There are 2 protein chains.
Amino acid sequence: MSGKPPTIREVASRAGVSVATASNVINGKVSVSDASRRAVLAAVAALGYSPNRAARSLRGAASRLVGMVVPDITNVFFAGLVRGVEEQAERSGYDLLLVSSNENIATERRRIEALISRRIDGLLVVPVRDDSLRPPREGAHAGHLPPTVLIDRGDEAPGLDVVAADCCSGAYAATRHLIDLGHRDIVVLAHSIGLNNIQARIAGYRRALEEADLAKRARICVGGHVLDALRGSVEQELRRADPPTAIFALTNGSALAAIKAARGLGLEIPGEVSIVGFDDFDWMSALRPYLTTVAQPIEEFATCSWRLLMERINGEVGPEGRRIELPCTLRVRESSGIARVQPRAVADAAN
Amino acid sequence: MSGKPPTIREVASRAGVSVATASNVINGKVSVSDASRRAVLAAVAALGYSPNRAARSLRGAASRLVGMVVPDITNVFFAGLVRGVEEQAERSGYDLLLVSSNENIATERRRIEALISRRIDGLLVVPVRDDSLRPPREGAHAGHLPPTVLIDRGDEAPGLDVVAADCCSGAYAATRHLIDLGHRDIVVLAHSIGLNNIQARIAGYRRALEEADLAKRARICVGGHVLDALRGSVEQELRRADPPTAIFALTNGSALAAIKAARGLGLEIPGEVSIVGFDDFDWMSALRPYLTTVAQPIEEFATCSWRLLMERINGEVGPEGRRIELPCTLRVRESSGIARVQPRAVADAAN
DNA sequence: TTGAAAGCGCTAACAC
DNA sequence: GTGTTAGCGCTTTCAA
């Protein structure tokens with residue numbers, strides 16, 4: 001249909017000027033005579049010319065392109081993050097190239113490679129694992145990463161900044177809230193426990209338990225990434241002889257699994273089992289009961305990580321990695337209530 | 001930190017071979033001696049070399065890059081679409097560059113421009129408007145679009161394929177279902193009515209109404225893109241002297257608004273008002289009542305649009321645009337029930 | 001103010 | 001099998 005895109009040379013010849021002049025007009029840096037300018041602009045319009053950015057960045061110019069990697073675009077938390085970052089990028093005159101790693105470390109590596117080979121100026125990553133951005137062999141080559149900021153997950157890696165939530169305090173507050181409501185058997189629910197941020201949430205949970213002399217009753221339920229499997233694990237937990245009176249779901253996905261499990265067993269929320277989730281977003285407000293949850297500051301994640309990235313791209317900071325932790329907010333709503341006194345009896349009655 | 005990325009020339013000299021040989025090893029096309037191959041591979045590893053794709057595609061090679069544009073990445077429908085397409089791309093050995101237009105036509109144009117200037121091989125777009133991909137001035141320059149497939153929205157545009165759902169039939173089935181349940185006052189809810197697919201849904205609704213001699217009772221409520229505003233519009237509708245007994249929400253966002261409005265007014269679903277939504281996804285299953293909805297075949301959207309795109313990229317089809325409509329599925333669940341007999345009385349009782 | 005020409009990293013044609 | 005080299009589209013000296 002559209003044949004080959006026109007080059008700057010065609011624009012120049014059509015305008016009757018040299019390519020250098022055409023380039024100068026297009027980039028509007030150097031002073032050009034009004035006649036030339038008009039001619040070039042006319043040629044650009046007539047030809048529908050748009051500069052080949054690949055060639056541009058080949059020549060050494062900044063690409064004004066930033067890559068972003070998230071583990072799962074259908075996760076509302078990551079989607080919100082993307083939206084926030086995109087707004088920042090727009091404002092700073094950058095384009096955002098988004099890819100998803102599908103929680104798969106090989107895919108992640110491959111996609112990042114693809115991004116880098118497009119000569120992006122910077123990289124924002126929610127890594128699959130805390131150490132996935134670390135070079136394969138320690139001490140070996142750095143892998144030529146552009147300025148990079150890790151979000152939500154990731155240890156301090158050499159030269160990489162990390163923006164994360166203060167998950168420990170958030171989880172502490174949630175657990176504390178449950179304990180204050182009289183809960184003694186609180187099970188924590190997670191997809192997996194390999195990630196630092198999940199570990200931090202568990203640490204916050206444990207700390208609250210310890211303070212209440214409940215340390216021995218800590219119970220952690222790990223159910224994997226598949227919704228139905230996760231839900232199955234919760235049901236199993238709920239069917240035990242000594243079922244928990246509260247579930248603290250450490251991610252939005254596990255909160256969903258917890259709700260479905262309780263429903264499936266015919267348990268009232270929060271009457272028979274309280275549920276506290278993580279993250280907060282629109283669709284939760286249609287839930288009955290409305291979920292009590294630990295909200296992460298998505299907007300701040302976006303602005304903060306963008307700021308760090310810009311500082312790195314502009315070379316305003318040293319090589320050492322920085323770590324910023326943003327506070328979470330406990331939003332008490334309807335899904336958490338007074339603990340039932342005799343867990344077992346009530347559970348039996350439900351049958 | 002990482003200095004300048006190594007070039008193929010450095011790899012070649014370190015391996016003691018020519019750049020051509022290095023290139024041949026890296027691209028693995030031409031036969032190369034084992035010794036050279038080993039040397040080059042070693043150099044690549046040692047240097048952490050990764051080919052500059054910008055330079056590659058500048059040389060004329062396909063970029064194996066496909067761009068995708070969605071109006072709002074936080075919309076579960078679009079997010080699901082992206083996930084599906086990504087899987088297809090992966091399978092075909094393409095990388096996916098995703099950008100979002102934020103339902104803004106200027107942003108859309110700009111981002112597409114950016115994508116094109118990266119020399120993508122193809123483009124997948126859920127356009128902001130049905131005609132946003134049409135060249136500004138008819139008959140003027142084509143704008144040098146690469147092979148492009150429109151998804152979900154879009155008229156037949158010259159040379160552009162369109163993959164959409166058969167919204168008309170889907171909406172017809174939903175309306176029919178409501179009518180069969182005894183509903184006579186069904187209001188349709190939408191963000192706006194400018195889009196073809198929304199028009200098609202309304203057409204299906206009208207057709208069902210006409211068949212039941214209810215054509216005169218058609219009622220359309222348009223509430224904009226802001227959740228709270230939309231919800232306000234629904235509440236207003238529900239507060240009328242002759243309130244509807246059922247709401248047919250034409251998008252997942254408006255379904256959410258409808259639920260919140262009914263809740264806010266203390267109306268039982270489906271006892272006092274039935275709700276049927278559009279789209280289907282995980283979090284809906286935690287809703288009580290579970291939403292009756294018209295599900296669009298997201299997976300098929302992805303596979304089908306990818307297939308069309310590949311056909312275009314490989315030049316297997318003529319220049320005329322194709323249009324494919326995929327069937328929707330009505331999923332009857334809990335939010336739709338028998339219509340209450342005396343709408344007004346019940347509504348009053350609720351106060 | 002303008003133009004000629006070098007060269008970014010790479011691949012492909014061609015010669016050895 | 002391997003090396004030399006032209007040139008992709010662009011920006012950027014450097015001269016005119």
# chains A, B, ... in the order shown; residues from 1 in each chain; ligands from 1
call {"tool": "residues_around", "arguments": {"residues": "Val317 of chain B", "least_positions_apart": "5", "cutoff": "12 Å", "atoms": "only C-alpha atoms (C1' of nucleotides)", "output": "list in words"}}
result
Met1 of chain A; Pro147, Gly159, Leu160, Asp161, Arg307, Leu308, Leu309, Met310, Glu311, Arg312 and Arg322 of chain B
call {"tool": "write_last_selection", "arguments": {"atoms": "N, CA and C atoms", "output": "PDB file, in the first residue's frame"}}
result
ATOM      1  N   MET A   1       0.830  -1.204   0.000  1.00  0.00           N
ATOM      2  CA  MET A   1       0.000   0.000   0.000  1.00  0.00           C
ATOM      3  C   MET A   1       0.860   1.249   0.000  1.00  0.00           C
TER       4      MET A   1
ATOM      5  N   PRO B 147       1.622  -2.764   7.949  1.00  0.00           N
ATOM      6  CA  PRO B 147       0.444  -3.632   8.010  1.00  0.00           C
ATOM      7  C   PRO B 147      -0.251  -3.458   9.360  1.00  0.00           C
ATOM      8  N   GLY B 159      -7.657  -0.782   3.457  1.00  0.00           N
ATOM      9  CA  GLY B 159      -6.465  -1.582   3.662  1.00  0.00           C
ATOM     10  C   GLY B 159      -6.260  -2.070   5.084  1.00  0.00           C
ATOM     11  N   LEU B 160      -7.175  -1.701   5.968  1.00  0.00           N
ATOM     12  CA  LEU B 160      -7.015  -2.113   7.351  1.00  0.00           C
ATOM     13  C   LEU B 160      -8.017  -3.223   7.679  1.00  0.00           C
ATOM     14  N   ASP B 161      -7.519  -4.273   8.329  1.00  0.00           N
ATOM     15  CA  ASP B 161      -8.420  -5.336   8.754  1.00  0.00           C
ATOM     16  C   ASP B 161      -9.024  -4.975  10.103  1.00  0.00           C
ATOM     17  N   ARG B 307      -3.404 -13.557  13.470  1.00  0.00           N
ATOM     18  CA  ARG B 307      -3.367 -14.280  12.202  1.00  0.00           C
ATOM     19  C   ARG B 307      -3.497 -13.303  11.025  1.00  0.00           C
ATOM     20  N   LEU B 308      -4.465 -12.419  11.121  1.00  0.00           N
ATOM     21  CA  LEU B 308      -4.640 -11.440  10.044  1.00  0.00           C
ATOM     22  C   LEU B 308      -3.385 -10.593   9.867  1.00  0.00           C
ATOM     23  N   LEU B 309      -2.795 -10.211  10.983  1.00  0.00           N
ATOM     24  CA  LEU B 309      -1.606  -9.368  10.897  1.00  0.00           C
ATOM     25  C   LEU B 309      -0.457 -10.100  10.213  1.00  0.00           C
ATOM     26  N   MET B 310      -0.259 -11.350  10.602  1.00  0.00           N
ATOM     27  CA  MET B 310       0.818 -12.136   9.989  1.00  0.00           C
ATOM     28  C   MET B 310       0.585 -12.272   8.482  1.00  0.00           C
ATOM     29  N   GLU B 311      -0.657 -12.517   8.106  1.00  0.00           N
ATOM     30  CA  GLU B 311      -0.961 -12.636   6.681  1.00  0.00           C
ATOM     31  C   GLU B 311      -0.591 -11.355   5.935  1.00  0.00           C
ATOM     32  N   ARG B 312      -0.876 -10.243   6.582  1.00  0.00           N
ATOM     33  CA  ARG B 312      -0.533  -8.971   5.935  1.00  0.00           C
ATOM     34  C   ARG B 312       0.964  -8.755   5.876  1.00  0.00           C
ATOM     35  N   ARG B 322     -10.330  -6.461   5.531  1.00  0.00           N
ATOM     36  CA  ARG B 322     -11.250  -7.543   5.873  1.00  0.00           C
ATOM     37  C   ARG B 322     -11.887  -7.250   7.216  1.00  0.00           C
TER      38      ARG B 322
END
call {"tool": "atom_distance", "arguments": {"atom1": "atom CA of Ala212 of chain B", "atom2": "atom CA of Ile186 of chain B"}}
result
12.4 Å
call {"tool": "select_by_dssp", "arguments": {"residues": "segment 73-137 of chain B", "states": "strand (DSSP E or B)", "output": "list in words"}}
result
Asp95, Leu96, Leu97, Leu98, Val99, Ser100, Gly122, Leu123, Leu124 and Val125 of chain B
call {"tool": "interface_residues", "arguments": {"of": "chain A", "to": "chain C", "cutoff": "8 Å", "atoms": "only C-alpha atoms (C1' of nucleotides)", "output": "list in words"}}
result
Ser18, Ala20, Thr21, Ser31, Val32, Ser33, Leu58, Arg59 and Gly60 of chain A
call {"tool": "interface_residues", "arguments": {"of": "chain D", "to": "chain A", "cutoff": "12 Å", "atoms": "only C-alpha atoms (C1' of nucleotides)", "output": "ChimeraX atom specification"}}
result
/D:8-13
call {"tool": "closest_atom_pairs", "arguments": {"of": "chain A", "to": "chain B", "cutoff": "6 Å", "atoms": "only C-alpha atoms", "output": "Markdown table"}}
result
| residue | atom | partner | partner_atom | distance |
| --- | --- | --- | --- | --- |
| A:Ser2 | CA | B:His144 | CA | 5.1 |
| A:Gly48 | CA | B:Gly143 | CA | 5.8 |
| A:Asn52 | CA | B:Ser117 | CA | 5.0 |
| A:Arg53 | CA | B:Ser117 | CA | 5.3 |
| A:Ala54 | CA | B:Ala54 | CA | 4.8 |
| A:Thr74 | CA | B:Ala79 | CA | 5.1 |
| A:Ala79 | CA | B:Thr74 | CA | 5.1 |
| A:Leu97 | CA | B:Leu97 | CA | 5.5 |
| A:Leu98 | CA | B:Leu98 | CA | 5.0 |
| A:Ser117 | CA | B:Asn52 | CA | 4.9 |
| A:Arg118 | CA | B:Arg53 | CA | 5.7 |
| A:Gly143 | CA | B:Gly48 | CA | 5.5 |
| A:His144 | CA | B:Ser2 | CA | 5.2 |
| A:Leu287 | CA | B:Leu287 | CA | 5.4 |
call {"tool": "write_last_selection", "arguments": {"atoms": "C-alpha atoms", "output": "mmCIF file, in the first residue's frame"}}
result
data_model
loop_
_atom_site.group_PDB
_atom_site.id
_atom_site.type_symbol
_atom_site.label_atom_id
_atom_site.label_comp_id
_atom_site.auth_asym_id
_atom_site.auth_seq_id
_atom_site.Cartn_x
_atom_site.Cartn_y
_atom_site.Cartn_z
ATOM 1 C CA SER A 2 2.290 2.736 1.224
ATOM 2 C CA GLY A 48 4.220 12.454 4.883
ATOM 3 C CA ASN A 52 13.558 7.220 11.133
ATOM 4 C CA ARG A 53 14.370 7.138 14.803
ATOM 5 C CA ALA A 54 16.444 4.023 14.498
ATOM 6 C CA THR A 74 -3.584 -8.333 33.727
ATOM 7 C CA ALA A 79 -1.607 -2.123 35.262
ATOM 8 C CA LEU A 97 7.808 0.737 25.584
ATOM 9 C CA LEU A 98 6.033 -1.841 27.656
ATOM 10 C CA SER A 117 18.957 -3.566 21.673
ATOM 11 C CA ARG A 118 16.470 -0.840 20.719
ATOM 12 C CA GLY A 143 25.416 -6.733 30.808
ATOM 13 C CA HIS A 144 25.333 -3.117 29.702
ATOM 14 C CA LEU A 287 -17.619 -6.478 46.568
#
